[in-house]
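Beneath this line is the structure, given in structure tokens, with notes to follow.
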Amino acid sequence: MPIYEYRCGDCQAVTAVLVPISRADDPCPCEACGSVRTHRIVSRPSVRLSNLSKLERLDPKYDRMVDRAMQNTRNADPDRLINRRGDISKGLPDKT
């Protein structure tokens with residue numbers, strides 16, 4: 001079901017409602033004043049971006065800022081946990 005927006009004819013408030021397409025033209029009561037003098041308005045479409053899409057839209061200056069921050073912070077090294085683990089080719093230590 002799509003989300004439709006309705007503008008109140010009395011208080012001009014906008015109400016967003018999840019309505020079946022078959023009932024999209026039915027008046028919807030205003031959430032602000034309760035009036036039923038509402039009409040459906042054209043609203044902006046909403047698009048959810050993936051995290052990858054958000055990263056692609058970032059300004060390249062942020063990459064440089066992150067690189068500088070990682071150079072100045074020892075705990076920011078992504079390999080620090082792997083290096084702390086030690087050599088796994090020898091197997092796990094015995095806990096007897």
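Ordering of the structure tokens sets the chain letters (A, B, ...); residue numbers start at 1 within each chain; ligands are numbered from 1 in the order shown.
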- Item | Residue list (strand (DSSP E), DSSP) for chain A, as JSON, numbers by chain | {"A": [3, 4, 5, 6, 7, 8, 14, 15, 16, 17, 18, 38, 39, 40, 41]}
- Out of chain A, which residues get alpha helix (DSSP H) from DSSP, as a list in words?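 For chain A, the alpha helix (DSSP H) set is Asn51, Leu52, Ser53, Lys54, Leu55, Glu56, Arg57, Pro60, Lys61, Tyr62, Asp63, Arg64, Met65, Val66, Asp67, Arg68, Ala69, Met70, Gln71, Asn72, Arg80, Leu81, Ile82, Asn83, Arg84 and Arg85 of chain A.
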- Message: When you look at range 36-50 of chain A with a cut-off of 8 Å (counting only C-alpha atoms), what residues show up, excluding the ones that are within fewer than 6 positions of it in the same chain? I need them as a ChimeraX atom specification.
- Response: /A:4-10,24-25,27-30
- Just how far from CA of Leu81 in chain A is CA of Val66 in chain A, in Å to one decimal?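 Rounded to one decimal, the two atoms are 19.1 Å apart.
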- Message: Residues within 9 Å of Cys11 in chain A, please, as a ChimeraX atom specification. Count only C-alpha atoms; anything in the same chain fewer than 6 positions from it doesn't count.
- Response: /A:30,32-33,35
Dump of C-alpha atoms for the selected residues, as a CSV table (one decimal), in the first residue's frame:
```csv
chain,number,residue,atom,x,y,z
A,30,CYS,CA,-6.8,15.7,9.4
A,32,ALA,CA,-4.1,18.2,13.4
A,33,CYS,CA,-7.7,19.4,13.6
A,35,SER,CA,-11.5,18.0,9.7
```
